[in-house]
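Source file: target.cif. Holds: mmCIF, C-alpha atoms (C1' of nucleotides).
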```
data_my_file
loop_
_atom_site.label_atom_id
_atom_site.label_comp_id
_atom_site.auth_asym_id
_atom_site.auth_seq_id
_atom_site.Cartn_x
_atom_site.Cartn_y
_atom_site.Cartn_z
CA MET A 1 -55.52 -17.72 -38.66
CA ASP A 2 -56.69 -14.13 -38.42
CA ALA A 3 -54.49 -11.92 -36.22
CA THR A 4 -57.58 -10.57 -34.48
CA GLN A 5 -58.75 -14.08 -33.75
CA GLU A 6 -55.35 -15.04 -32.38
CA LEU A 7 -55.26 -12.10 -30.03
CA ALA A 8 -58.85 -12.75 -28.96
CA ASP A 9 -57.89 -16.33 -28.15
CA LEU A 10 -54.97 -15.15 -26.04
CA LEU A 11 -57.16 -12.70 -24.14
CA LYS A 12 -59.78 -15.36 -23.63
CA ALA A 13 -57.16 -17.71 -22.22
CA LEU A 14 -56.14 -15.03 -19.73
CA GLY A 15 -59.73 -14.00 -19.08
CA GLU A 16 -60.71 -16.73 -16.69
CA TYR A 17 -60.27 -16.42 -12.94
CA ASN A 18 -58.35 -19.60 -12.23
CA ARG A 19 -56.11 -19.24 -15.26
CA LEU A 20 -55.29 -15.65 -14.43
CA SER A 21 -54.58 -16.77 -10.86
CA LEU A 22 -52.15 -19.36 -12.19
CA VAL A 23 -50.38 -16.67 -14.19
CA TYR A 24 -50.17 -14.40 -11.15
CA HIS A 25 -48.85 -17.27 -9.08
CA LEU A 26 -46.10 -17.89 -11.59
CA CYS A 27 -45.26 -14.18 -11.40
CA ASP A 28 -45.07 -14.24 -7.61
CA CYS A 29 -42.84 -17.28 -7.53
CA ARG A 30 -40.52 -15.76 -10.09
CA ALA A 31 -39.46 -19.28 -10.93
CA PRO A 32 -40.91 -22.23 -12.82
CA GLN A 33 -43.27 -24.40 -10.84
CA ASN A 34 -44.60 -27.90 -11.20
CA ALA A 35 -48.25 -28.50 -11.74
CA MET A 36 -49.03 -29.69 -8.20
CA CYS A 37 -47.54 -26.57 -6.68
CA LEU A 38 -49.61 -24.44 -9.05
CA CYS A 39 -52.58 -26.54 -8.17
CA ASP A 40 -52.55 -25.10 -4.66
CA CYS A 41 -53.38 -21.60 -5.81
CA CYS A 42 -56.70 -22.70 -7.26
CA SER A 43 -59.37 -24.35 -5.18
CA VAL A 44 -60.18 -26.81 -7.88
CA ASP A 45 -59.35 -30.39 -8.69
CA ALA A 46 -55.88 -31.20 -10.03
CA SER A 47 -57.42 -32.31 -13.30
CA VAL A 48 -59.00 -28.90 -13.71
CA THR A 49 -55.70 -27.16 -13.08
CA SER A 50 -54.08 -29.47 -15.58
CA ARG A 51 -56.57 -28.49 -18.24
CA HIS A 52 -56.23 -24.79 -17.47
CA LEU A 53 -52.47 -25.08 -17.78
CA LYS A 54 -52.94 -26.78 -21.12
CA VAL A 55 -55.04 -23.87 -22.36
CA LEU A 56 -52.33 -21.45 -21.25
CA ALA A 57 -49.66 -23.59 -22.89
CA ASP A 58 -51.62 -23.81 -26.15
CA GLU A 59 -51.81 -20.03 -26.25
CA GLY A 60 -48.12 -19.69 -25.51
CA VAL A 61 -48.65 -18.07 -22.13
CA VAL A 62 -46.64 -20.73 -20.36
CA GLU A 63 -44.05 -23.26 -21.45
CA VAL A 64 -43.71 -26.76 -20.17
CA ALA A 65 -40.62 -28.80 -19.46
CA LYS A 66 -40.59 -32.42 -18.42
CA LYS A 67 -38.52 -33.27 -15.39
CA GLY A 68 -38.97 -36.81 -14.25
CA ARG A 69 -42.62 -37.30 -13.55
CA GLU A 70 -43.13 -33.61 -12.97
CA ARG A 71 -44.05 -30.94 -15.46
CA ILE A 72 -42.37 -27.64 -14.84
CA TYR A 73 -44.32 -24.62 -16.02
CA SER A 74 -42.69 -21.30 -16.72
CA LEU A 75 -44.20 -18.02 -17.77
CA ASN A 76 -43.58 -16.75 -21.28
CA GLY A 77 -43.46 -13.29 -19.77
CA LYS A 78 -41.71 -11.17 -22.36
CA GLU A 79 -43.77 -12.38 -25.30
CA ILE A 80 -47.15 -12.02 -23.63
CA ALA A 81 -46.27 -8.65 -22.14
CA THR A 82 -45.30 -7.41 -25.58
CA LYS A 83 -48.60 -8.47 -27.09
CA LEU A 84 -50.54 -6.82 -24.30
CA ARG A 85 -48.60 -3.59 -24.73
CA GLN A 86 -49.18 -3.63 -28.48
CA LEU A 87 -52.89 -3.92 -27.87
CA ALA A 88 -52.71 -1.15 -25.28
CA ASP A 89 -51.02 1.09 -27.85
CA VAL A 90 -53.65 0.37 -30.48
CA ILE A 91 -56.49 0.99 -28.06
CA GLU A 92 -54.93 4.22 -26.98
CA GLY A 93 -54.48 5.29 -30.57
CA LYS A 94 -50.69 5.14 -30.61
CA ARG A 95 -50.61 2.58 -33.38
CA THR A 96 -52.57 2.02 -36.52
CA ASP A 97 -52.00 -1.73 -36.80
CA MET B 1 -65.20 -7.97 -6.15
CA ASP B 2 -61.77 -9.52 -6.32
CA ALA B 3 -59.28 -7.52 -8.38
CA THR B 4 -58.21 -10.68 -10.18
CA GLN B 5 -61.80 -11.43 -11.05
CA GLU B 6 -62.33 -7.92 -12.33
CA LEU B 7 -59.32 -8.08 -14.60
CA ALA B 8 -60.35 -11.54 -15.79
CA ASP B 9 -63.76 -10.15 -16.69
CA LEU B 10 -62.19 -7.33 -18.66
CA LEU B 11 -59.94 -9.72 -20.56
CA LYS B 12 -62.85 -12.01 -21.23
CA ALA B 13 -64.84 -9.09 -22.62
CA LEU B 14 -61.98 -8.31 -25.01
CA GLY B 15 -61.34 -11.98 -25.73
CA GLU B 16 -64.08 -12.56 -28.25
CA TYR B 17 -63.61 -12.05 -31.96
CA ASN B 18 -66.52 -9.76 -32.70
CA ARG B 19 -66.02 -7.68 -29.59
CA LEU B 20 -62.33 -7.23 -30.30
CA SER B 21 -63.25 -6.29 -33.86
CA LEU B 22 -65.59 -3.62 -32.52
CA VAL B 23 -62.79 -2.23 -30.40
CA TYR B 24 -60.41 -2.20 -33.37
CA HIS B 25 -63.06 -0.50 -35.46
CA LEU B 26 -63.45 2.23 -32.88
CA CYS B 27 -59.67 2.66 -32.93
CA ASP B 28 -59.58 2.98 -36.71
CA CYS B 29 -62.36 5.52 -36.82
CA ARG B 30 -60.68 7.58 -34.13
CA ALA B 31 -64.08 9.00 -33.35
CA PRO B 32 -67.23 7.84 -31.60
CA GLN B 33 -69.58 5.77 -33.72
CA ASN B 34 -73.20 4.81 -33.52
CA ALA B 35 -74.20 1.21 -33.15
CA MET B 36 -75.37 0.73 -36.74
CA CYS B 37 -72.03 1.90 -38.08
CA LEU B 38 -70.23 -0.44 -35.74
CA CYS B 39 -72.60 -3.14 -36.80
CA ASP B 40 -71.06 -3.15 -40.26
CA CYS B 41 -67.73 -4.41 -39.02
CA CYS B 42 -69.23 -7.63 -37.71
CA SER B 43 -71.13 -10.02 -39.93
CA VAL B 44 -73.77 -10.62 -37.32
CA ASP B 45 -77.25 -9.47 -36.58
CA ALA B 46 -77.70 -5.95 -35.17
CA SER B 47 -79.10 -7.45 -31.98
CA VAL B 48 -75.88 -9.40 -31.52
CA THR B 49 -73.77 -6.30 -31.97
CA SER B 50 -75.99 -4.53 -29.49
CA ARG B 51 -75.35 -7.22 -26.92
CA HIS B 52 -71.60 -7.23 -27.56
CA LEU B 53 -71.50 -3.48 -27.11
CA LYS B 54 -73.36 -3.88 -23.85
CA VAL B 55 -70.72 -6.32 -22.60
CA LEU B 56 -67.99 -3.86 -23.54
CA ALA B 57 -69.87 -1.03 -21.86
CA ASP B 58 -70.42 -3.05 -18.68
CA GLU B 59 -66.68 -3.65 -18.48
CA GLY B 60 -65.92 -0.01 -19.10
CA VAL B 61 -64.25 -0.61 -22.44
CA VAL B 62 -66.62 1.75 -24.20
CA GLU B 63 -68.87 4.55 -23.11
CA VAL B 64 -72.28 5.31 -24.47
CA ALA B 65 -73.96 8.61 -25.14
CA LYS B 66 -77.52 9.04 -26.28
CA LYS B 67 -78.02 11.27 -29.28
CA GLY B 68 -81.54 11.29 -30.53
CA ARG B 69 -82.42 7.71 -31.32
CA GLU B 70 -78.80 6.80 -31.80
CA ARG B 71 -76.31 5.55 -29.28
CA ILE B 72 -72.84 6.90 -29.78
CA TYR B 73 -70.08 4.62 -28.58
CA SER B 74 -66.63 5.85 -27.74
CA LEU B 75 -63.57 3.95 -26.64
CA ASN B 76 -62.36 4.31 -23.09
CA GLY B 77 -58.85 4.09 -24.49
CA LYS B 78 -56.64 5.51 -21.79
CA GLU B 79 -58.14 3.51 -18.95
CA ILE B 80 -58.13 0.16 -20.72
CA ALA B 81 -54.64 0.70 -22.08
CA THR B 82 -53.40 1.42 -18.57
CA LYS B 83 -54.89 -1.77 -17.21
CA LEU B 84 -53.36 -3.81 -20.02
CA ARG B 85 -49.95 -2.26 -19.43
CA GLN B 86 -50.17 -2.94 -15.71
CA LEU B 87 -50.87 -6.58 -16.45
CA ALA B 88 -48.01 -6.63 -18.93
CA ASP B 89 -45.68 -5.28 -16.25
CA VAL B 90 -46.79 -7.89 -13.73
CA ILE B 91 -46.40 -10.69 -16.22
CA GLU B 92 -42.99 -9.49 -17.15
CA GLY B 93 -42.00 -9.28 -13.51
CA LYS B 94 -41.71 -5.51 -13.34
CA ARG B 95 -44.34 -5.20 -10.66
CA THR B 96 -45.28 -7.19 -7.62
CA ASP B 97 -48.92 -6.18 -7.44
"C1'" DG C 1 -101.27 10.52 -35.72
"C1'" DA C 2 -98.85 7.40 -39.02
"C1'" DC C 3 -94.66 5.79 -40.41
"C1'" DA C 4 -89.61 5.13 -40.62
"C1'" DT C 5 -85.26 4.46 -38.31
"C1'" DA C 6 -82.10 3.07 -34.43
"C1'" DT C 7 -81.59 0.06 -30.87
"C1'" DT C 8 -82.83 -3.25 -27.36
"C1'" DT C 9 -85.23 -7.27 -25.42
"C1'" DG C 10 -87.52 -12.00 -25.30
"C1'" DC C 11 -87.06 -16.42 -26.77
"C1'" DA C 12 -85.04 -20.63 -28.59
"C1'" DC C 13 -81.11 -23.31 -29.61
"C1'" DA C 14 -76.56 -25.09 -30.51
"C1'" DA C 15 -71.95 -24.95 -29.09
"C1'" DA C 16 -68.48 -24.04 -25.80
"C1'" DT C 17 -66.88 -24.12 -21.08
"C1'" DA C 18 -65.72 -25.20 -16.30
"C1'" DA C 19 -65.98 -28.53 -12.95
"C1'" DA C 20 -65.78 -33.07 -10.39
"C1'" DC C 21 -64.51 -37.77 -10.06
"C1'" DA C 22 -62.71 -42.01 -11.63
"C1'" DA C 23 -59.47 -44.22 -14.41
"C1'" DT C 24 -55.23 -44.14 -16.73
"C1'" DC C 25 -50.41 -43.19 -18.00
"C1'" DA C 26 -45.54 -42.13 -16.72
"C1'" DT C 27 -41.88 -42.20 -13.72
"C1'" DT C 28 -39.50 -42.87 -9.51
"C1'" DA C 29 -38.63 -45.31 -5.01
"C1'" DG C 30 -38.38 -49.42 -2.29
"C1'" DC D 1 -41.71 -56.32 -9.61
"C1'" DT D 2 -44.76 -53.50 -6.64
"C1'" DA D 3 -46.21 -49.48 -4.65
"C1'" DA D 4 -46.46 -44.57 -4.60
"C1'" DT D 5 -46.44 -40.07 -6.72
"C1'" DG D 6 -47.27 -36.51 -10.43
"C1'" DA D 7 -50.04 -35.49 -14.01
"C1'" DT D 8 -53.31 -36.23 -17.76
"C1'" DT D 9 -57.51 -38.08 -20.00
"C1'" DG D 10 -62.45 -39.89 -20.26
"C1'" DT D 11 -66.90 -39.08 -18.97
"C1'" DT D 12 -70.76 -36.68 -17.27
"C1'" DT D 13 -73.25 -32.61 -15.62
"C1'" DA D 14 -74.44 -27.84 -15.15
"C1'" DT D 15 -73.84 -23.37 -16.79
"C1'" DT D 16 -72.62 -19.87 -19.85
"C1'" DT D 17 -72.24 -17.91 -24.26
"C1'" DG D 18 -72.94 -16.46 -29.07
"C1'" DT D 19 -76.36 -16.29 -32.39
"C1'" DG D 20 -80.70 -15.33 -35.21
"C1'" DC D 21 -85.28 -13.87 -35.55
"C1'" DA D 22 -89.37 -11.63 -34.10
"C1'" DA D 23 -91.31 -8.28 -31.19
"C1'" DA D 24 -90.96 -4.21 -28.46
"C1'" DT D 25 -89.22 0.40 -27.32
"C1'" DA D 26 -87.57 5.00 -28.35
"C1'" DT D 27 -87.10 8.80 -31.11
"C1'" DG D 28 -87.35 11.47 -35.30
"C1'" DT D 29 -89.93 12.83 -39.72
"C1'" DC D 30 -93.89 13.75 -42.55
#
```
Represent the structure from my file as structure tokens, please.
Amino acid sequence: MDATQELADLLKALGEYNRLSLVYHLCDCRAPQNAMCLCDCCSVDASVTSRHLKVLADEGVVEVAKKGRERIYSLNGKEIATKLRQLADVIEGKRTD
Amino acid sequence: MDATQELADLLKALGEYNRLSLVYHLCDCRAPQNAMCLCDCCSVDASVTSRHLKVLADEGVVEVAKKGRERIYSLNGKEIATKLRQLADVIEGKRTD
DNA sequence: GACATATTTGCACAAATAAACAATCATTAG
DNA sequence: CTAATGATTGTTTATTTGTGCAAATATGTC
């Protein structure tokens, strides 16, 4: 897939209130969290949170690990931060790519 | 409005293929462009480009200047880059805010 | 004024999206 | 095995979004 499309998809995944809240929550906790814990930070149904987490996982924003019946989500911080900084550099004219 | 919501809106504005292409195009040109020129980088109707540019303008990604019957769009590079880097820092755990 | 050019707006429509709720699957506890 | 818990999936509904085309607006040129 097109690199522009891939980046657009990542930004779109982050560009929704509840999903961005989930990301922030994972930042605050500074530790992986299970889905139900993350659920608390959004005032939506657990099923909705589950789907939002799936979107984030599909875009590589978070990673999932199975632990018994729980799913532990952790932030893919370094990778996402790098992509955001690359975009920032391009937008600011520091890069040509 | 909520700061999280504002950032989500910005990311959403950038998170669409044609809009991100417009931003890239403005980076490449390294100079303000009128709408018709920008139009060429997207294979969509001029009216569609016009609407996309409006979304970007509403989010402060681009600024508009009237010049005769043309509208000259310029990238708000520094400001957007800063916001992206701040998010990158939060995601990477370098900031608490 | 008449006409051309640049851009936006109104309208219609299909596709995507977010949400709730019920039902289901998976795993652990008793 | 049965019940309870964590999480996902199916379904439906309402809303938003991206798009094209025609019409309208704004400005410049002859």
Mobile chain A fitted to chain B over all in-order Cα pairs, reported as a CSV table (one decimal) with C-alpha atoms, in the frame of the given file:
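In the end it all went to part.csv:
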```
chain,number,residue,atom,x,y,z
A,1,MET,CA,-65.2,-8.0,-6.2
A,2,ASP,CA,-61.8,-9.5,-6.3
A,3,ALA,CA,-59.3,-7.5,-8.4
A,4,THR,CA,-58.2,-10.7,-10.2
A,5,GLN,CA,-61.8,-11.4,-11.1
A,6,GLU,CA,-62.3,-7.9,-12.3
A,7,LEU,CA,-59.3,-8.1,-14.6
A,8,ALA,CA,-60.3,-11.5,-15.8
A,9,ASP,CA,-63.7,-10.2,-16.7
A,10,LEU,CA,-62.2,-7.3,-18.7
A,11,LEU,CA,-59.9,-9.7,-20.6
A,12,LYS,CA,-62.8,-12.0,-21.2
A,13,ALA,CA,-64.8,-9.1,-22.6
A,14,LEU,CA,-62.0,-8.3,-25.0
A,15,GLY,CA,-61.3,-12.0,-25.7
A,16,GLU,CA,-64.1,-12.6,-28.2
A,17,TYR,CA,-63.6,-12.1,-32.0
A,18,ASN,CA,-66.5,-9.8,-32.7
A,19,ARG,CA,-66.0,-7.7,-29.6
A,20,LEU,CA,-62.3,-7.2,-30.3
A,21,SER,CA,-63.2,-6.3,-33.9
A,22,LEU,CA,-65.6,-3.6,-32.5
A,23,VAL,CA,-62.8,-2.2,-30.4
A,24,TYR,CA,-60.4,-2.2,-33.4
A,25,HIS,CA,-63.1,-0.5,-35.5
A,26,LEU,CA,-63.5,2.2,-32.9
A,27,CYS,CA,-59.7,2.7,-32.9
A,28,ASP,CA,-59.6,3.0,-36.7
A,29,CYS,CA,-62.4,5.5,-36.8
A,30,ARG,CA,-60.7,7.6,-34.1
A,31,ALA,CA,-64.1,9.0,-33.3
A,32,PRO,CA,-67.2,7.8,-31.6
A,33,GLN,CA,-69.6,5.8,-33.7
A,34,ASN,CA,-73.2,4.8,-33.5
A,35,ALA,CA,-74.2,1.3,-33.1
A,36,MET,CA,-75.4,0.7,-36.7
A,37,CYS,CA,-72.1,1.9,-38.1
A,38,LEU,CA,-70.3,-0.5,-35.7
A,39,CYS,CA,-72.6,-3.1,-36.8
A,40,ASP,CA,-71.1,-3.2,-40.2
A,41,CYS,CA,-67.7,-4.4,-39.0
A,42,CYS,CA,-69.3,-7.6,-37.7
A,43,SER,CA,-71.1,-10.0,-39.9
A,44,VAL,CA,-73.7,-10.7,-37.3
A,45,ASP,CA,-77.2,-9.5,-36.6
A,46,ALA,CA,-77.7,-6.0,-35.2
A,47,SER,CA,-79.1,-7.5,-32.0
A,48,VAL,CA,-75.9,-9.4,-31.5
A,49,THR,CA,-73.8,-6.3,-32.0
A,50,SER,CA,-76.0,-4.5,-29.5
A,51,ARG,CA,-75.4,-7.2,-26.9
A,52,HIS,CA,-71.6,-7.3,-27.6
A,53,LEU,CA,-71.5,-3.5,-27.1
A,54,LYS,CA,-73.4,-3.9,-23.9
A,55,VAL,CA,-70.7,-6.3,-22.6
A,56,LEU,CA,-68.0,-3.9,-23.5
A,57,ALA,CA,-69.9,-1.0,-21.9
A,58,ASP,CA,-70.4,-3.0,-18.7
A,59,GLU,CA,-66.7,-3.7,-18.5
A,60,GLY,CA,-65.9,0.0,-19.1
A,61,VAL,CA,-64.3,-0.6,-22.4
A,62,VAL,CA,-66.6,1.7,-24.2
A,63,GLU,CA,-68.9,4.6,-23.1
A,64,VAL,CA,-72.3,5.3,-24.5
A,65,ALA,CA,-73.9,8.6,-25.1
A,66,LYS,CA,-77.5,9.1,-26.3
A,67,LYS,CA,-78.0,11.3,-29.3
A,68,GLY,CA,-81.5,11.3,-30.5
A,69,ARG,CA,-82.4,7.8,-31.4
A,70,GLU,CA,-78.8,6.9,-31.9
A,71,ARG,CA,-76.3,5.6,-29.3
A,72,ILE,CA,-72.8,6.9,-29.8
A,73,TYR,CA,-70.1,4.6,-28.6
A,74,SER,CA,-66.6,5.8,-27.7
A,75,LEU,CA,-63.6,3.9,-26.6
A,76,ASN,CA,-62.4,4.3,-23.1
A,77,GLY,CA,-58.9,4.1,-24.5
A,78,LYS,CA,-56.6,5.5,-21.8
A,79,GLU,CA,-58.2,3.5,-18.9
A,80,ILE,CA,-58.1,0.2,-20.7
A,81,ALA,CA,-54.6,0.7,-22.1
A,82,THR,CA,-53.4,1.4,-18.6
A,83,LYS,CA,-54.9,-1.8,-17.2
A,84,LEU,CA,-53.4,-3.8,-20.0
A,85,ARG,CA,-50.0,-2.3,-19.4
A,86,GLN,CA,-50.2,-2.9,-15.7
A,87,LEU,CA,-50.9,-6.6,-16.4
A,88,ALA,CA,-48.0,-6.6,-18.9
A,89,ASP,CA,-45.7,-5.3,-16.2
A,90,VAL,CA,-46.8,-7.9,-13.7
A,91,ILE,CA,-46.4,-10.7,-16.2
A,92,GLU,CA,-43.0,-9.5,-17.2
A,93,GLY,CA,-42.0,-9.3,-13.5
A,94,LYS,CA,-41.7,-5.5,-13.4
A,95,ARG,CA,-44.3,-5.2,-10.7
A,96,THR,CA,-45.2,-7.2,-7.6
A,97,ASP,CA,-48.9,-6.2,-7.4
```
For the atom pair atom C1' of DC21 of chain D and atom CA of Glu63 of chain B, what is the interatomic distance in Å to one decimal place? 27.6 Å
Using only C-alpha atoms (C1' of nucleotides), pick whichever of C:DA23, C:DA18, C:DA4, C:DA29 has the shortest atom-to-atom distance to Arg19 of chain A.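 When distances to Arg19 of chain A are compared using only C-alpha atoms (C1' of nucleotides), the smallest one comes from C:DA18.
Considering the residues D:DT11, D:DG20, D:DC1, D:DG6 and counting all atoms listed in the file, DC21 of chain C has its shortest atom-to-atom contact with D:DT11.
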For the interface of chain B with chain A (cut-off 12 Å, counting only C-alpha atoms), please tabulate each contacting residue of chain B alongside its nearest pair of atoms and their separation in Å to one decimal, rows sorted by chain and increasing number, as CSV.
```
residue,atom,partner,partner_atom,distance
B:Met1,CA,A:Tyr17,CA,11.9
B:Asp2,CA,A:Tyr17,CA,9.7
B:Ala3,CA,A:Tyr17,CA,10.0
B:Thr4,CA,A:Tyr17,CA,6.7
B:Gln5,CA,A:Tyr17,CA,5.6
B:Glu6,CA,A:Tyr17,CA,8.8
B:Leu7,CA,A:Gly15,CA,7.4
B:Ala8,CA,A:Gly15,CA,4.2
B:Asp9,CA,A:Gly15,CA,6.1
B:Leu10,CA,A:Gly15,CA,7.1
B:Leu11,CA,A:Gly15,CA,4.5
B:Lys12,CA,A:Gly15,CA,4.3
B:Ala13,CA,A:Gly15,CA,7.9
B:Leu14,CA,A:Leu11,CA,6.6
B:Gly15,CA,A:Ala8,CA,4.2
B:Glu16,CA,A:Ala8,CA,5.3
B:Tyr17,CA,A:Gln5,CA,5.6
B:Asn18,CA,A:Gln5,CA,9.0
B:Arg19,CA,A:Ala8,CA,8.8
B:Leu20,CA,A:Ala8,CA,6.7
B:Ser21,CA,A:Thr4,CA,7.1
B:Leu22,CA,A:Thr4,CA,10.8
B:Val23,CA,A:Ile91,CA,7.5
B:Tyr24,CA,A:Ile91,CA,7.3
B:His25,CA,A:Ile91,CA,10.0
B:Leu26,CA,A:Ile91,CA,8.6
B:Cys27,CA,A:Ile91,CA,6.1
B:Asp28,CA,A:Thr96,CA,7.1
B:Cys29,CA,A:Gly93,CA,10.1
B:Arg30,CA,A:Gly93,CA,7.5
B:Ala31,CA,A:Gly93,CA,10.7
B:Val61,CA,A:Ile91,CA,9.7
B:Val62,CA,A:Ile91,CA,10.9
B:Ser74,CA,A:Ile91,CA,11.2
B:Leu75,CA,A:Ile91,CA,7.8
B:Asn76,CA,A:Ile91,CA,8.4
B:Gly77,CA,A:Glu92,CA,4.6
B:Lys78,CA,A:Glu92,CA,5.6
B:Glu79,CA,A:Glu92,CA,8.7
B:Ile80,CA,A:Ala88,CA,7.2
B:Ala81,CA,A:Ala88,CA,4.2
B:Thr82,CA,A:Ala88,CA,7.2
B:Lys83,CA,A:Ala88,CA,8.4
B:Leu84,CA,A:Ala88,CA,5.9
B:Arg85,CA,A:Arg85,CA,5.6
B:Gln86,CA,A:Arg85,CA,9.2
B:Leu87,CA,A:Ala81,CA,7.6
B:Ala88,CA,A:Ala81,CA,4.2
B:Asp89,CA,A:Ala81,CA,6.8
B:Val90,CA,A:Cys27,CA,6.9
B:Ile91,CA,A:Gly77,CA,5.3
B:Glu92,CA,A:Gly77,CA,4.6
B:Gly93,CA,A:Cys27,CA,6.3
B:Lys94,CA,A:Cys27,CA,9.6
B:Arg95,CA,A:Cys27,CA,9.1
B:Thr96,CA,A:Asp28,CA,7.1
B:Asp97,CA,A:Asp28,CA,8.9
```
